[in-house]
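Asks: Please read through the structure below; I'll follow up with questions.
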Amino acid sequence: METIAGRIVTHEKEFLGTVEFDVTTGLITQVKAGIDPSARRFSDDCVIFPGFGDIHIHAREDVSGKHTYKEDFLSASSAAINGGVIHVADMPNNPVPPIDDETYTAKQALTKKAPIHITLYAGIGPHTKPLSKKVPYKVFMGPSIGELFFHDNPSLEEVIKHYHGQDVSFHCEDPEILIANQDRPTHETRRPKEAETVATDFALYLIEKYNLKGKLCHYSTKDGLSKIVAAKKRGVNVTCEVTPTHLMFDTDMLTETNHKWFQMNPPLRGREDREAMVKGILDGHIDYLATDHAPHSIEEKQKGTSGISQLDTYGLFVTYMILKLNIPMTLIAKICSKNPGEFVRPYLPKEFGKGVGVINECYAANFSILNLKKPVEFKKSMIKSKSGWSPFEGFEFPGSIEAVYYLGKEINAK
């Protein structure tokens with residue numbers, strides 16, 4: 001048995017306590033109040049969170065191997081551990097997308113070499129049908145990176161009706177609005193706010209009509225968030241994510257020099273929308289912090305490819321949320337640990353016991369431990385992602401990552 005002790009924060013409470021776990025099974029055996037003098041003691045500057053989970057990344061690896069120069073399951077895992085993250089969920093827009101039993105199983109076999117758990121989304125595209133086993137799904141409502149998307153809403157509904165009751169995540173950008181604005185002068189005007197809000201209406205309609213367990217990805221607009229809040233109040237089974245970049249940056253900070261580095265789908269919005277996302281977390285309306293980690297090479301970014309590499313800085317950004325955005329730590333534990341754990345729980349192998357994201361008996365001994373008194377400047381040399389770049393290069397975060405535990409063992413990024 002091993003024990004760690006210190007300031008523990010869960011989605012329910014904060015307390016000084018000790019956690020005992022079995023390094024053989026990787027499961028927690030006891031949680032008790034007070035500091036056991038024989039335990040590994042983390043200082044009062046540190047906070048022991050249940051292991052963080054990022055349920056929206058693009059690890060790029062599939063059976064084709066065409067995009068592993070950008071990232072693969074090993075390098076994505078290293079970036080995750082570097083960012084204090086102990087499980088991730090990977091998106092399906094690959095050259096060979098996982099859209100049926102055969103392609104999903106083939107991609108899943110590639111994840112076995114990873115040092116952390118990777119959940120895979122299956123893709124929904126024209127003419128697809130649900131898999132024979134329970135998996136989470138992702139649908140791109142309009143053109144994005146890759147070919148797995150729809151050109152109009154009627155064709156999307158014709159496919160979605162086969163997914164009644166399934167776990168479906170939506171990339172909300174209306175295809176017709178994107179097409180109508182494709183000749184506008186900037187990336188932000190080519191993918192306007194209306195594309196997200198109009199697509200949100202249709203996604204909520206589909207979630208409600210077909211009894212989906214719905215999730216709206218990388219949310220970015222104030223008006224759209226109000227639609228989600230209203231849907232939740234009337235009982236629609238919907239949750240939503242927000243990315244670190246949509247919480248920290250807005251169009252006011254874009255320059256000719258940095259514009260290509262901050263190009264993503266959906267794009268950065270104005271200050272009002274950014275502030276609404278922060279308020280959405282504080283008000284309990286946003287359910288997950290998820291990076292949409294989308295690694296591309298430096299050369300691709302310079303040519304204008306959309307997507308931002310930010311898995312390496314997940315835990316560092318959490319210190320910014322706590323110390324600069326004044327987000328309560330119990331709320332951090334909810335959107336970074338508990339809720340991501342609930343999302344992946346139906347898809348976890350038995351070795352994870354009751355699940356992840358909670359510090360309690362029979363749950364996985366996964367911990368993300370932050371030091372809130374030890375600032376760190378994030379440098380290019382610290383990046384573990386194959387992409388080799390980060391929008392946070394040169395930024396001083398107010399805290400740092402003290403330790404990461406996965407199934408009872410301390411792990412480090414390689």
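Chain identifiers are assigned as A, B, and so on, following the order in which chains appear in the structure tokens; residues are numbered from 1 within each chain, and ligands are numbered from 1 in order of appearance.
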List the neighbours of Leu131 (chain A) out to 6 Å using only C-alpha atoms; skip same-chain residues closer than 2 positions along the sequence, and give me the result as a list in words.

Replies: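 Final neighbour list, sorted by chain and number: Asp100, Asp101 and Lys133 of chain A.
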
Asks: Report as a PyMOL selection string: the residues of region 191-251 of chain A with a DSSP assignment of strand (DSSP E or B), based on the backbone of this structure.

Replies: chain A and resi 213-216+238-242

Asks: Do you know which residues are at most 9 Å from Gly408 (chain A) counting only C-alpha atoms, after dropping those on the same chain fewer than 6 positions away, and could you put them as a list in words?

Replies: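 So the residues in contact are Glu2, Phe21, Asp22, Val23, Thr24, Thr25, Gly26, Leu27, Ile28, Ala364, Ala365, Asn366 and Phe367 of chain A.
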
Asks: Can those selected residues be exported to a file as a short mmCIF file (atom, residue, chain, number, x, y, z; two decimals), in the first residue's frame so that it contains C-alpha atoms?

Replies:
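Written output follows (out_24.cif):
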```cif
data_model
loop_
_atom_site.label_atom_id
_atom_site.label_comp_id
_atom_site.auth_asym_id
_atom_site.auth_seq_id
_atom_site.Cartn_x
_atom_site.Cartn_y
_atom_site.Cartn_z
CA GLU A 2 1.04 3.60 -0.67
CA PHE A 21 -4.11 3.03 -2.53
CA ASP A 22 -2.98 -0.36 -3.74
CA VAL A 23 -0.19 -0.05 -6.31
CA THR A 24 -0.96 -3.56 -7.57
CA THR A 25 -4.61 -2.96 -8.42
CA GLY A 26 -4.20 0.79 -8.93
CA LEU A 27 -7.31 1.48 -6.87
CA ILE A 28 -7.95 3.65 -3.83
CA ALA A 364 -8.69 4.63 -9.76
CA ALA A 365 -5.77 6.13 -7.83
CA ASN A 366 -5.31 8.92 -10.37
CA PHE A 367 -4.18 12.32 -9.08
#
```

Asks: Between A:Phe352, A:Phe397, A:Tyr288, A:Phe262, which is the closest to Ala333 (chain A) once you count only C-alpha atoms?

Replies: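 The shortest atom-to-atom distance to Ala333 (chain A) comes from A:Tyr288.
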
Asks: Can you list, as an MDAnalysis selection string, every protein, DNA or RNA residue that comes within 7 Å of Lys301 (chain A) when you count only C-alpha atoms, leaving out same-chain residues fewer than 4 positions away?

Replies: chainID A and resid 260:261 296:297 305

Asks: Produce a file of the selected residues containing all heavy atoms, as a JSON list (two decimals), in the first residue's frame.

Replies:
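Saved to out_24.json:
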```json
[["chain", "number", "residue", "atom", "x", "y", "z"],
["A", 260, "LYS", "N", -2.20, 33.66, -37.50],
["A", 260, "LYS", "CA", -2.23, 32.27, -37.97],
["A", 260, "LYS", "C", -2.07, 31.28, -36.83],
["A", 260, "LYS", "O", -2.61, 30.18, -36.87],
["A", 260, "LYS", "CB", -1.14, 32.06, -39.02],
["A", 260, "LYS", "CG", -1.45, 32.71, -40.35],
["A", 260, "LYS", "CD", -0.36, 32.47, -41.38],
["A", 260, "LYS", "CE", -0.72, 33.10, -42.72],
["A", 260, "LYS", "NZ", 0.35, 32.91, -43.73],
["A", 261, "TRP", "N", -1.31, 31.67, -35.79],
["A", 261, "TRP", "CA", -1.09, 30.74, -34.66],
["A", 261, "TRP", "C", -2.36, 30.54, -33.85],
["A", 261, "TRP", "O", -2.54, 29.50, -33.22],
["A", 261, "TRP", "CB", 0.03, 31.27, -33.76],
["A", 261, "TRP", "CG", 1.32, 31.37, -34.51],
["A", 261, "TRP", "CD1", 1.92, 32.50, -34.99],
["A", 261, "TRP", "CD2", 2.18, 30.29, -34.92],
["A", 261, "TRP", "NE1", 3.07, 32.20, -35.66],
["A", 261, "TRP", "CE2", 3.25, 30.85, -35.63],
["A", 261, "TRP", "CE3", 2.11, 28.91, -34.75],
["A", 261, "TRP", "CZ2", 4.27, 30.06, -36.17],
["A", 261, "TRP", "CZ3", 3.12, 28.13, -35.28],
["A", 261, "TRP", "CH2", 4.18, 28.70, -35.98],
["A", 296, "HIS", "N", -0.67, 20.56, -35.32],
["A", 296, "HIS", "CA", -0.21, 20.64, -36.70],
["A", 296, "HIS", "C", 1.25, 21.08, -36.66],
["A", 296, "HIS", "O", 1.71, 21.68, -35.68],
["A", 296, "HIS", "CB", -1.03, 21.65, -37.50],
["A", 296, "HIS", "CG", -2.48, 21.32, -37.60],
["A", 296, "HIS", "ND1", -2.96, 20.28, -38.35],
["A", 296, "HIS", "CD2", -3.57, 21.89, -37.00],
["A", 296, "HIS", "CE1", -4.28, 20.23, -38.25],
["A", 296, "HIS", "NE2", -4.67, 21.19, -37.42],
["A", 297, "SER", "N", 1.96, 20.82, -37.72],
["A", 297, "SER", "CA", 3.37, 21.24, -37.78],
["A", 297, "SER", "C", 3.45, 22.76, -37.85],
["A", 297, "SER", "O", 2.48, 23.44, -38.23],
["A", 297, "SER", "CB", 4.06, 20.62, -38.99],
["A", 297, "SER", "OG", 3.55, 21.19, -40.20],
["A", 305, "THR", "N", -3.36, 26.55, -41.47],
["A", 305, "THR", "CA", -4.16, 25.40, -41.04],
["A", 305, "THR", "C", -4.81, 25.69, -39.69],
["A", 305, "THR", "O", -4.16, 26.23, -38.78],
["A", 305, "THR", "CB", -3.29, 24.13, -40.94],
["A", 305, "THR", "OG1", -2.68, 23.91, -42.21],
["A", 305, "THR", "CG2", -4.13, 22.93, -40.57]]
```

Asks: Kindly indicate which residue among A:Asp44, A:Glu410, A:Glu158, A:Glu71 lies nearest to Lys374 (chain A), using only C-alpha atoms for the distances.

Replies: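 Checking each candidate against Lys374 (chain A), we get A:Asp44 as the closest.
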
Asks: Can you pull out every residue from region 126-271 of chain A that DSSP, working from the backbone, puts in helix (DSSP H, G or I), and format the result as a PyMOL selection string?

Replies: chain A and resi 153-163+175-180+187-190+193-209+222-233+244-248+251-253+259-262+271

Asks: Determine, for each residue of region 364-410 of chain A having at least one atom at most 8 Å from an atom of region 81-98 of chain A, the closest pair of atoms and their separation in Å to one decimal, counting only C-alpha atoms; order by chain and ascending number, as JSON lines.

Replies:
```
{"residue": "A:Asn366", "atom": "CA", "partner": "A:Ile86", "partner_atom": "CA", "distance": 7.1}
{"residue": "A:Ser368", "atom": "CA", "partner": "A:Gly84", "partner_atom": "CA", "distance": 5.5}
{"residue": "A:Ile369", "atom": "CA", "partner": "A:Gly84", "partner_atom": "CA", "distance": 7.6}
{"residue": "A:Lys384", "atom": "CA", "partner": "A:Asn82", "partner_atom": "CA", "distance": 7.0}
{"residue": "A:Ile401", "atom": "CA", "partner": "A:Gly84", "partner_atom": "CA", "distance": 6.6}
{"residue": "A:Ala403", "atom": "CA", "partner": "A:Gly84", "partner_atom": "CA", "distance": 7.6}
{"residue": "A:Val404", "atom": "CA", "partner": "A:Gly84", "partner_atom": "CA", "distance": 5.9}
{"residue": "A:Tyr405", "atom": "CA", "partner": "A:Ile86", "partner_atom": "CA", "distance": 7.7}
{"residue": "A:Tyr406", "atom": "CA", "partner": "A:Ile86", "partner_atom": "CA", "distance": 6.3}
```

Asks: Would you save the residues of that selection, restricted to all heavy atoms, as a PDB file, in the first residue's frame?

Replies:
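As a result, result03.pdb now contains:
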```pdb
ATOM      1  N   ASN A 366      -5.821   7.944  -9.411  1.00  0.00           N
ATOM      2  CA  ASN A 366      -5.313   8.923 -10.370  1.00  0.00           C
ATOM      3  C   ASN A 366      -5.365  10.305  -9.730  1.00  0.00           C
ATOM      4  O   ASN A 366      -6.432  10.725  -9.254  1.00  0.00           O
ATOM      5  CB  ASN A 366      -6.176   8.935 -11.639  1.00  0.00           C
ATOM      6  CG  ASN A 366      -6.115   7.637 -12.408  1.00  0.00           C
ATOM      7  OD1 ASN A 366      -5.201   6.846 -12.249  1.00  0.00           O
ATOM      8  ND2 ASN A 366      -7.092   7.415 -13.276  1.00  0.00           N
ATOM      9  N   SER A 368      -3.930  14.523 -10.015  1.00  0.00           N
ATOM     10  CA  SER A 368      -3.226  15.638 -10.642  1.00  0.00           C
ATOM     11  C   SER A 368      -2.940  16.641  -9.534  1.00  0.00           C
ATOM     12  O   SER A 368      -3.869  17.232  -8.968  1.00  0.00           O
ATOM     13  CB  SER A 368      -4.090  16.273 -11.733  1.00  0.00           C
ATOM     14  OG  SER A 368      -4.399  15.317 -12.740  1.00  0.00           O
ATOM     15  N   ILE A 369      -1.658  16.805  -9.210  1.00  0.00           N
ATOM     16  CA  ILE A 369      -1.273  17.600  -8.040  1.00  0.00           C
ATOM     17  C   ILE A 369      -0.594  18.878  -8.510  1.00  0.00           C
ATOM     18  O   ILE A 369       0.441  18.847  -9.183  1.00  0.00           O
ATOM     19  CB  ILE A 369      -0.349  16.772  -7.121  1.00  0.00           C
ATOM     20  CG1 ILE A 369      -1.080  15.478  -6.713  1.00  0.00           C
ATOM     21  CG2 ILE A 369       0.035  17.584  -5.876  1.00  0.00           C
ATOM     22  CD1 ILE A 369      -0.209  14.448  -6.045  1.00  0.00           C
ATOM     23  N   LYS A 384       6.004  18.591 -25.192  1.00  0.00           N
ATOM     24  CA  LYS A 384       6.137  17.165 -25.487  1.00  0.00           C
ATOM     25  C   LYS A 384       5.364  16.769 -26.742  1.00  0.00           C
ATOM     26  O   LYS A 384       5.649  15.719 -27.329  1.00  0.00           O
ATOM     27  CB  LYS A 384       5.652  16.326 -24.308  1.00  0.00           C
ATOM     28  CG  LYS A 384       6.458  16.531 -23.017  1.00  0.00           C
ATOM     29  CD  LYS A 384       7.899  16.100 -23.176  1.00  0.00           C
ATOM     30  CE  LYS A 384       8.667  16.254 -21.874  1.00  0.00           C
ATOM     31  NZ  LYS A 384      10.095  15.861 -22.032  1.00  0.00           N
ATOM     32  N   ILE A 401       2.840  22.147 -12.076  1.00  0.00           N
ATOM     33  CA  ILE A 401       2.409  20.775 -11.817  1.00  0.00           C
ATOM     34  C   ILE A 401       3.440  20.107 -10.916  1.00  0.00           C
ATOM     35  O   ILE A 401       4.625  20.036 -11.253  1.00  0.00           O
ATOM     36  CB  ILE A 401       2.231  20.008 -13.134  1.00  0.00           C
ATOM     37  CG1 ILE A 401       1.096  20.662 -13.927  1.00  0.00           C
ATOM     38  CG2 ILE A 401       1.918  18.535 -12.869  1.00  0.00           C
ATOM     39  CD1 ILE A 401       1.021  20.231 -15.367  1.00  0.00           C
ATOM     40  N   ALA A 403       3.013  16.835  -9.315  1.00  0.00           N
ATOM     41  CA  ALA A 403       3.112  15.388  -9.525  1.00  0.00           C
ATOM     42  C   ALA A 403       1.859  14.887 -10.225  1.00  0.00           C
ATOM     43  O   ALA A 403       0.792  15.512 -10.152  1.00  0.00           O
ATOM     44  CB  ALA A 403       3.296  14.651  -8.199  1.00  0.00           C
ATOM     45  N   VAL A 404       2.008  13.745 -10.923  1.00  0.00           N
ATOM     46  CA  VAL A 404       0.891  13.096 -11.612  1.00  0.00           C
ATOM     47  C   VAL A 404       0.927  11.612 -11.268  1.00  0.00           C
ATOM     48  O   VAL A 404       1.969  10.969 -11.405  1.00  0.00           O
ATOM     49  CB  VAL A 404       0.983  13.280 -13.143  1.00  0.00           C
ATOM     50  CG1 VAL A 404      -0.218  12.624 -13.830  1.00  0.00           C
ATOM     51  CG2 VAL A 404       1.068  14.757 -13.512  1.00  0.00           C
ATOM     52  N   TYR A 405      -0.217  11.083 -10.823  1.00  0.00           N
ATOM     53  CA  TYR A 405      -0.332   9.650 -10.515  1.00  0.00           C
ATOM     54  C   TYR A 405      -1.352   9.015 -11.451  1.00  0.00           C
ATOM     55  O   TYR A 405      -2.425   9.576 -11.691  1.00  0.00           O
ATOM     56  CB  TYR A 405      -0.807   9.430  -9.081  1.00  0.00           C
ATOM     57  CG  TYR A 405       0.253   9.586  -8.015  1.00  0.00           C
ATOM     58  CD1 TYR A 405       0.688  10.839  -7.605  1.00  0.00           C
ATOM     59  CD2 TYR A 405       0.807   8.458  -7.401  1.00  0.00           C
ATOM     60  CE1 TYR A 405       1.641  10.982  -6.609  1.00  0.00           C
ATOM     61  CE2 TYR A 405       1.770   8.585  -6.399  1.00  0.00           C
ATOM     62  CZ  TYR A 405       2.177   9.841  -6.011  1.00  0.00           C
ATOM     63  OH  TYR A 405       3.129   9.970  -5.022  1.00  0.00           O
ATOM     64  N   TYR A 406      -1.011   7.811 -11.942  1.00  0.00           N
ATOM     65  CA  TYR A 406      -1.908   7.052 -12.808  1.00  0.00           C
ATOM     66  C   TYR A 406      -1.965   5.620 -12.304  1.00  0.00           C
ATOM     67  O   TYR A 406      -0.940   4.932 -12.232  1.00  0.00           O
ATOM     68  CB  TYR A 406      -1.399   7.090 -14.247  1.00  0.00           C
ATOM     69  CG  TYR A 406      -2.226   6.281 -15.223  1.00  0.00           C
ATOM     70  CD1 TYR A 406      -3.482   6.715 -15.621  1.00  0.00           C
ATOM     71  CD2 TYR A 406      -1.740   5.088 -15.746  1.00  0.00           C
ATOM     72  CE1 TYR A 406      -4.239   5.986 -16.526  1.00  0.00           C
ATOM     73  CE2 TYR A 406      -2.494   4.346 -16.654  1.00  0.00           C
ATOM     74  CZ  TYR A 406      -3.740   4.799 -17.038  1.00  0.00           C
ATOM     75  OH  TYR A 406      -4.491   4.075 -17.925  1.00  0.00           O
TER      76      TYR A 406
END
```

Asks: Write out as a VMD selection string which residues come within 9 Å of Asp167 (chain A) when counting only C-alpha atoms, dropping same-chain ones fewer than 5 positions away.

Replies: chain A and resid 134 to 138 212 to 215

Asks: At a cut-off of 6 Å, using only C-alpha atoms, what residues contact Asp287 (chain A)? Leave out same-chain residues fewer than 4 positions from it and give the result as a count of residues only.

Replies: 4

Asks: Determine the nearest neighbour of Asp72 (chain A) from the options A:Val356, A:Cys336, A:Leu110, A:Ile228, counting only C-alpha atoms.

Replies: A:Leu110

Asks: I need the residue nearest Met248 (chain A) from this list: A:Asn265, A:Ser381, A:Thr186, A:Ser220. Use only C-alpha atoms for the distance.

Replies: A:Ser220

Asks: Considering only C-alpha atoms, can you say which of A:Met141, A:Ile298, A:Leu74, A:Leu331 comes closest to Ile116 (chain A)?

Replies: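 Of A:Met141, A:Ile298, A:Leu74, A:Leu331, the one nearest Ile116 (chain A), counting only C-alpha atoms, is A:Leu74.
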
Asks: With only C-alpha atoms as the basis for distance, which of A:Pro244, A:Gly34, A:Gly53, A:Gly123 is at the shortest distance from Thr313 (chain A)?

Replies: A:Pro244

Asks: Considering only C-alpha atoms, return as number ranges by chain whatever protein or nucleic-acid residues lie within 10 Å of Gly355 (chain A), sequence-local ones (same chain, fewer than 6 positions apart) excluded.

Replies: A: 27, 338, 341-342, 344-349, 362-366
